[in-house]
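Asks: Next up, entry-v2.cif (mmCIF, C-alpha atoms).
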```
data_my_file
loop_
_atom_site.label_atom_id
_atom_site.label_comp_id
_atom_site.auth_asym_id
_atom_site.auth_seq_id
_atom_site.Cartn_x
_atom_site.Cartn_y
_atom_site.Cartn_z
CA GLU A 1 -51.56 17.13 11.07
CA THR A 2 -48.04 18.03 12.18
CA GLY A 3 -46.50 18.65 8.76
CA VAL A 4 -43.83 16.02 9.45
CA THR A 5 -43.63 13.38 6.74
CA GLN A 6 -41.81 10.07 6.64
CA SER A 7 -41.01 7.57 3.92
CA PRO A 8 -41.55 4.81 3.26
CA THR A 9 -44.64 3.96 5.31
CA HIS A 10 -43.83 0.25 5.40
CA LEU A 11 -40.69 -1.72 4.68
CA ILE A 12 -39.72 -5.39 4.80
CA LYS A 13 -36.06 -6.38 5.01
CA THR A 14 -34.12 -9.51 5.84
CA ARG A 15 -31.62 -9.99 8.61
CA GLY A 16 -28.19 -8.53 7.78
CA GLN A 17 -29.47 -5.99 5.28
CA GLN A 18 -29.21 -2.22 5.56
CA VAL A 19 -32.08 0.27 5.58
CA THR A 20 -32.49 4.02 5.16
CA LEU A 21 -35.55 5.82 6.48
CA ARG A 22 -36.36 9.41 5.63
CA CYS A 23 -38.04 12.28 7.42
CA SER A 24 -39.07 15.76 6.36
CA SER A 25 -39.45 18.17 9.26
CA GLN A 26 -42.18 20.68 9.81
CA SER A 27 -41.41 23.99 8.12
CA GLY A 28 -39.21 26.19 10.29
CA HIS A 29 -38.05 23.34 12.53
CA ASN A 30 -34.29 22.81 12.70
CA THR A 31 -34.24 19.94 15.18
CA VAL A 32 -35.21 16.37 14.49
CA SER A 33 -35.26 13.36 16.79
CA TRP A 34 -35.65 9.70 15.90
CA TYR A 35 -37.42 7.11 18.02
CA GLN A 36 -37.92 3.38 17.88
CA GLN A 37 -41.30 2.11 19.08
CA ALA A 38 -41.65 -1.62 19.54
CA LEU A 39 -45.13 -3.08 19.65
CA GLY A 40 -46.85 -2.24 22.91
CA GLN A 41 -44.02 -0.02 24.11
CA GLY A 42 -43.33 3.67 24.37
CA PRO A 43 -41.00 5.41 21.91
CA GLN A 44 -37.30 4.91 22.69
CA PHE A 45 -34.99 7.81 21.87
CA ILE A 46 -32.35 6.96 19.25
CA PHE A 47 -30.73 10.34 18.59
CA GLN A 48 -31.34 13.98 17.84
CA TYR A 49 -29.91 16.23 15.13
CA TYR A 50 -29.66 20.00 15.27
CA ARG A 51 -28.31 21.97 12.33
CA GLU A 52 -26.75 18.88 10.75
CA GLU A 53 -24.92 17.80 13.91
CA GLU A 54 -25.80 15.00 16.31
CA ASN A 55 -27.11 16.63 19.48
CA GLY A 56 -27.72 13.69 21.77
CA ARG A 57 -27.96 9.93 21.55
CA GLY A 58 -29.85 7.23 23.35
CA ASN A 59 -28.73 3.73 24.16
CA PHE A 60 -28.51 2.37 20.61
CA PRO A 61 -25.49 0.69 18.97
CA PRO A 62 -23.35 2.45 16.32
CA ARG A 63 -25.06 0.54 13.51
CA PHE A 64 -27.85 3.09 14.02
CA SER A 65 -26.64 6.28 12.36
CA GLY A 66 -28.20 9.43 11.04
CA LEU A 67 -27.86 12.48 8.88
CA GLN A 68 -29.49 15.86 8.75
CA PHE A 69 -29.38 17.93 5.60
CA PRO A 70 -29.20 21.72 5.11
CA ASN A 71 -32.96 21.81 4.51
CA TYR A 72 -33.34 20.04 7.90
CA SER A 73 -34.69 16.83 6.41
CA SER A 74 -33.15 13.76 7.97
CA GLU A 75 -32.24 10.11 7.46
CA LEU A 76 -31.96 7.18 9.81
CA ASN A 77 -29.66 4.39 8.65
CA VAL A 78 -29.54 0.97 10.24
CA ASN A 79 -26.85 -1.51 9.22
CA ALA A 80 -26.71 -5.25 9.78
CA LEU A 81 -30.41 -5.51 10.56
CA GLU A 82 -31.49 -7.83 13.35
CA LEU A 83 -34.89 -9.36 13.99
CA ASP A 84 -35.33 -7.15 17.07
CA ASP A 85 -35.04 -4.06 14.88
CA SER A 86 -38.60 -4.69 13.73
CA ALA A 87 -40.54 -1.69 15.03
CA LEU A 88 -42.24 1.56 14.15
CA TYR A 89 -39.61 4.25 13.56
CA LEU A 90 -40.79 7.74 14.35
CA CYS A 91 -39.18 11.03 13.63
CA ALA A 92 -40.20 14.15 15.49
CA SER A 93 -39.29 17.74 14.76
CA SER A 94 -39.16 20.78 17.00
CA PRO A 95 -38.39 24.46 16.38
CA ASP A 96 -35.08 24.23 18.25
CA PRO A 97 -33.29 21.84 20.63
CA ASN A 98 -34.46 23.83 23.65
CA THR A 99 -38.14 23.31 22.83
CA ASP A 100 -39.19 20.01 24.26
CA THR A 101 -42.48 19.64 22.42
CA GLN A 102 -42.13 17.01 19.74
CA TYR A 103 -44.20 16.96 16.54
CA PHE A 104 -44.25 13.38 15.34
CA GLY A 105 -44.48 12.07 11.82
CA PRO A 106 -46.64 9.07 10.90
CA GLY A 107 -43.74 6.64 11.22
CA THR A 108 -42.19 3.90 9.13
CA ARG A 109 -43.14 0.34 10.02
CA LEU A 110 -40.02 -1.82 9.55
CA THR A 111 -40.28 -5.59 9.54
CA VAL A 112 -37.08 -7.66 9.60
CA LEU A 113 -37.45 -11.30 8.56
CA GLY B 114 -30.10 6.36 34.18
CA GLN B 115 -33.48 7.98 34.23
CA GLN B 116 -36.45 5.63 34.16
CA VAL B 117 -40.09 6.52 33.64
CA MET B 118 -42.73 4.10 34.81
CA GLN B 119 -46.38 4.37 33.88
CA ILE B 120 -49.39 2.57 35.34
CA PRO B 121 -51.71 0.95 34.66
CA GLN B 122 -50.64 -0.74 31.46
CA TYR B 123 -54.25 -1.19 30.36
CA GLN B 124 -57.56 0.33 31.43
CA HIS B 125 -60.98 -0.62 30.14
CA VAL B 126 -63.87 1.62 31.15
CA GLN B 127 -67.54 2.06 30.40
CA GLU B 128 -68.32 5.25 28.53
CA GLY B 129 -68.98 7.99 31.07
CA GLU B 130 -66.61 6.59 33.68
CA ASP B 131 -63.47 8.42 34.72
CA PHE B 132 -59.91 7.35 33.85
CA THR B 133 -56.54 8.11 35.40
CA THR B 134 -53.01 7.18 34.36
CA TYR B 135 -49.96 7.74 36.55
CA CYS B 136 -46.37 8.42 35.65
CA ASN B 137 -43.36 8.13 37.96
CA SER B 138 -39.75 9.05 37.27
CA SER B 139 -36.68 7.74 39.07
CA THR B 140 -35.13 11.22 38.84
CA THR B 141 -36.35 14.78 39.18
CA LEU B 142 -37.61 16.11 35.88
CA SER B 143 -37.26 19.53 34.30
CA ASN B 144 -40.61 19.02 32.64
CA ILE B 145 -43.05 16.32 31.65
CA GLN B 146 -45.13 15.98 28.54
CA TRP B 147 -48.19 13.92 27.73
CA TYR B 148 -48.96 12.42 24.35
CA LYS B 149 -51.89 10.46 22.93
CA GLN B 150 -51.47 7.79 20.29
CA ARG B 151 -54.53 6.42 18.53
CA PRO B 152 -54.41 2.81 17.31
CA GLY B 153 -52.28 2.74 14.16
CA GLY B 154 -51.31 6.37 14.59
CA HIS B 155 -48.42 8.37 15.93
CA PRO B 156 -47.99 10.21 19.25
CA VAL B 157 -49.71 13.58 19.35
CA PHE B 158 -48.61 16.20 21.85
CA LEU B 159 -51.22 17.04 24.47
CA ILE B 160 -49.53 19.23 27.07
CA GLN B 161 -46.32 20.12 28.88
CA LEU B 162 -45.98 20.68 32.63
CA VAL B 163 -42.99 22.56 33.98
CA LYS B 164 -43.66 23.91 37.46
CA SER B 165 -43.76 21.96 40.70
CA GLY B 166 -47.37 21.21 41.65
CA GLU B 167 -48.68 22.51 38.34
CA VAL B 168 -52.22 21.62 37.31
CA LYS B 169 -53.53 22.18 33.78
CA LYS B 170 -56.92 21.42 32.29
CA GLN B 171 -58.03 20.79 28.74
CA LYS B 172 -61.80 20.32 28.68
CA ARG B 173 -62.32 16.91 30.35
CA LEU B 174 -58.58 16.27 30.80
CA THR B 175 -56.71 17.31 33.94
CA PHE B 176 -52.93 17.06 34.14
CA GLN B 177 -50.92 17.31 37.36
CA PHE B 178 -47.20 17.56 38.07
CA GLY B 179 -46.05 16.47 41.51
CA GLU B 180 -44.45 18.77 44.04
CA ALA B 181 -41.14 16.90 43.76
CA LYS B 182 -41.36 16.95 39.93
CA LYS B 183 -40.98 13.18 39.83
CA ASN B 184 -44.55 12.14 39.18
CA SER B 185 -47.51 13.18 37.12
CA SER B 186 -51.04 12.12 36.34
CA LEU B 187 -53.60 12.49 33.61
CA HIS B 188 -57.27 12.27 34.57
CA ILE B 189 -60.13 12.10 32.10
CA THR B 190 -63.60 12.87 33.39
CA ALA B 191 -66.60 11.13 31.83
CA THR B 192 -64.74 9.23 29.11
CA GLN B 193 -66.04 9.13 25.56
CA THR B 194 -65.32 6.63 22.79
CA THR B 195 -63.12 9.26 21.14
CA ASP B 196 -60.74 9.03 24.13
CA VAL B 197 -59.63 5.56 23.02
CA GLY B 198 -55.89 5.27 22.54
CA THR B 199 -52.61 4.96 24.40
CA TYR B 200 -51.53 7.80 26.65
CA PHE B 201 -47.80 8.32 27.12
CA CYS B 202 -45.93 10.51 29.53
CA ALA B 203 -42.45 11.68 28.56
CA GLY B 204 -40.05 12.96 31.19
CA HIS B 205 -37.37 15.43 30.22
CA ASN B 206 -34.13 16.06 32.09
CA ASN B 207 -30.71 17.23 30.87
CA ASN B 208 -31.34 16.56 27.17
CA ASP B 209 -32.58 13.11 28.09
CA MET B 210 -36.20 12.41 27.19
CA ARG B 211 -37.76 9.13 28.30
CA PHE B 212 -41.22 7.90 27.44
CA GLY B 213 -43.25 5.70 29.70
CA ALA B 214 -44.61 2.45 28.27
CA GLY B 215 -48.06 4.03 28.02
CA THR B 216 -51.53 3.27 29.31
CA ARG B 217 -53.86 1.80 26.75
CA LEU B 218 -57.42 3.02 27.25
CA THR B 219 -60.41 1.26 25.76
CA VAL B 220 -63.93 2.62 26.19
CA LYS B 221 -67.07 0.51 25.92
CA PRO B 222 -70.04 2.42 24.51
#
```
Could you render the structure from this file as structure tokens?

Replies:
Amino acid sequence: ETGVTQSPTHLIKTRGQQVTLRCSSQSGHNTVSWYQQALGQGPQFIFQYYREEENGRGNFPPRFSGLQFPNYSSELNVNALELDDSALYLCASSPDPNTDTQYFGPGTRLTVL
Amino acid sequence: GQQVMQIPQYQHVQEGEDFTTYCNSSTTLSNIQWYKQRPGGHPVFLIQLVKSGEVKKQKRLTFQFGEAKKNSSLHITATQTTDVGTYFCAGHNNNDMRFGAGTRLTVKP
């Protein structure tokens, strides 16, 4: 396994609610990226954090926000949930932002009703 | 912006047959990575290609990066049931990483 953990594993929310997903990076990794994977699709890049600062962002609205903590763990927050937000949310850590290899966690399956 | 297309979307083979998935980018890439995702699992890194025309092998898997660094392929020789899963390419360029939609491989014993 990669040593990247995520919580919770599954989550059910209703439209309009807010959700926080958590990720613990592999030991020694200071860079974490978040992805959204809809059913039958490839992962879509949401954003990346390096040393507690956002280091790149994909084409996602501002209601998707994140945090990285001094221990390099990370959170993904989504406000005003929409039905289309239902997906598998993956975090991936890497030793530094210049290393492209991503070590993925098991993901959080979010269902929005 | 950069787009990464992957074909075919699905491939069903008889065990022992070969399998190939192709990846094409709309822009020149600095590198390309391949990942495998088992059903219900998460993507697992397989390999990274960086150089133009690069070819790498991992046992029965052969990875190629095109001369123009805009396309790549993954070829599996003599598939086994353990090869089942979805294979994704991910193109990297200027801090922008885009995954293809994946090729889902099923193998009939």

Asks: Name the residues captured by the PyMOL selection byres ((chain A) within 12 of (chain B)) when it is applied to the shown file; answer as a ChimeraX atom specification.

Replies: /A:1-2,4-6,9,33-48,55-59,88-94,97-109

Asks: Restricted to C-alpha atoms, what would the selected residues look like written as a short mmCIF file (atom, residue, chain, number, x, y, z; two decimals), keeping the file's coordinate frame?

Replies:
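Result went into selection-v1.cif, see below:
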```
data_model
loop_
_atom_site.label_atom_id
_atom_site.label_comp_id
_atom_site.auth_asym_id
_atom_site.auth_seq_id
_atom_site.Cartn_x
_atom_site.Cartn_y
_atom_site.Cartn_z
CA GLU A 1 -51.56 17.13 11.07
CA THR A 2 -48.04 18.03 12.18
CA VAL A 4 -43.83 16.02 9.45
CA THR A 5 -43.63 13.38 6.74
CA GLN A 6 -41.81 10.07 6.64
CA THR A 9 -44.64 3.96 5.31
CA SER A 33 -35.26 13.36 16.79
CA TRP A 34 -35.65 9.70 15.90
CA TYR A 35 -37.42 7.11 18.02
CA GLN A 36 -37.92 3.38 17.88
CA GLN A 37 -41.30 2.11 19.08
CA ALA A 38 -41.65 -1.62 19.54
CA LEU A 39 -45.13 -3.08 19.65
CA GLY A 40 -46.85 -2.24 22.91
CA GLN A 41 -44.02 -0.02 24.11
CA GLY A 42 -43.33 3.67 24.37
CA PRO A 43 -41.00 5.41 21.91
CA GLN A 44 -37.30 4.91 22.69
CA PHE A 45 -34.99 7.81 21.87
CA ILE A 46 -32.35 6.96 19.25
CA PHE A 47 -30.73 10.34 18.59
CA GLN A 48 -31.34 13.98 17.84
CA ASN A 55 -27.11 16.63 19.48
CA GLY A 56 -27.72 13.69 21.77
CA ARG A 57 -27.96 9.93 21.55
CA GLY A 58 -29.85 7.23 23.35
CA ASN A 59 -28.73 3.73 24.16
CA LEU A 88 -42.24 1.56 14.15
CA TYR A 89 -39.61 4.25 13.56
CA LEU A 90 -40.79 7.74 14.35
CA CYS A 91 -39.18 11.03 13.63
CA ALA A 92 -40.20 14.15 15.49
CA SER A 93 -39.29 17.74 14.76
CA SER A 94 -39.16 20.78 17.00
CA PRO A 97 -33.29 21.84 20.63
CA ASN A 98 -34.46 23.83 23.65
CA THR A 99 -38.14 23.31 22.83
CA ASP A 100 -39.19 20.01 24.26
CA THR A 101 -42.48 19.64 22.42
CA GLN A 102 -42.13 17.01 19.74
CA TYR A 103 -44.20 16.96 16.54
CA PHE A 104 -44.25 13.38 15.34
CA GLY A 105 -44.48 12.07 11.82
CA PRO A 106 -46.64 9.07 10.90
CA GLY A 107 -43.74 6.64 11.22
CA THR A 108 -42.19 3.90 9.13
CA ARG A 109 -43.14 0.34 10.02
#
```

Asks: In Å, rounded to a single decimal, give me how far atom CA of Ser185 of chain B is from atom CA of Lys149 of chain B.

Replies: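 Rounded to one decimal, the two atoms are 15.1 Å apart.
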
Asks: Contacts of Ser138 of chain B at 8 Å or less, counting all atoms listed in the file, minus same-chain residues fewer than 3 places along, as a list in words?

Replies: Gln115, Gln116, Val117, Met118, Thr141, Leu142, Lys183, Asn184 and Gly204 of chain B

Asks: Would you pick out the contacts of Tyr50 of chain A at 9 Å or less, using all atoms listed in the file, so that residues sharing its chain but fewer than 4 positions from it are not included, and give the list as a list in words?

Replies: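 In the requested format, the answer is Asn30, Thr31, Val32, Ser33, Glu54, Asn55, Gln68, Tyr72, Asp96 and Pro97 of chain A.
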
Asks: Fewer than 4 positions away in the same chain doesn't count, so skip those; otherwise give me all residues within 6 Å of Arg22 of chain A, counting all atoms listed in the file, as a list in words.

Replies: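 Once the adjacent positions are removed, what remains is Gln6, Ser7, Ser74 and Glu75 of chain A.
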
Asks: Starting from the sparse input, extend segment 162-175 of chain B to N, CA and C atoms and give the output as a CSV table (one decimal), in the frame of the given file.

Replies:
```csv
chain,number,residue,atom,x,y,z
B,162,LEU,N,-46.0,20.1,31.3
B,162,LEU,CA,-46.0,20.7,32.6
B,162,LEU,C,-44.6,21.0,33.0
B,163,VAL,N,-44.3,22.1,33.7
B,163,VAL,CA,-43.0,22.6,34.0
B,163,VAL,C,-42.8,22.8,35.5
B,164,LYS,N,-43.8,23.4,36.1
B,164,LYS,CA,-43.7,23.9,37.5
B,164,LYS,C,-44.1,22.9,38.5
B,165,SER,N,-43.4,22.8,39.6
B,165,SER,CA,-43.8,22.0,40.7
B,165,SER,C,-45.2,22.2,41.1
B,166,GLY,N,-46.0,21.1,41.2
B,166,GLY,CA,-47.4,21.2,41.6
B,166,GLY,C,-48.3,21.8,40.6
B,167,GLU,N,-47.9,21.9,39.4
B,167,GLU,CA,-48.7,22.5,38.3
B,167,GLU,C,-49.9,21.6,38.0
B,168,VAL,N,-51.0,22.3,37.8
B,168,VAL,CA,-52.2,21.6,37.3
B,168,VAL,C,-52.7,22.4,36.1
B,169,LYS,N,-53.0,21.6,35.0
B,169,LYS,CA,-53.5,22.2,33.8
B,169,LYS,C,-54.8,21.4,33.4
B,170,LYS,N,-55.7,22.1,32.8
B,170,LYS,CA,-56.9,21.4,32.3
B,170,LYS,C,-57.1,21.7,30.8
B,171,GLN,N,-57.6,20.7,30.1
B,171,GLN,CA,-58.0,20.8,28.7
B,171,GLN,C,-59.4,20.1,28.7
B,172,LYS,N,-60.5,20.9,28.7
B,172,LYS,CA,-61.8,20.3,28.7
B,172,LYS,C,-62.0,19.2,29.8
B,173,ARG,N,-62.1,18.0,29.4
B,173,ARG,CA,-62.3,16.9,30.4
B,173,ARG,C,-61.0,16.3,30.9
B,174,LEU,N,-59.9,16.8,30.4
B,174,LEU,CA,-58.6,16.3,30.8
B,174,LEU,C,-57.9,17.2,31.8
B,175,THR,N,-57.4,16.6,32.9
B,175,THR,CA,-56.7,17.3,33.9
B,175,THR,C,-55.3,16.7,34.1
```
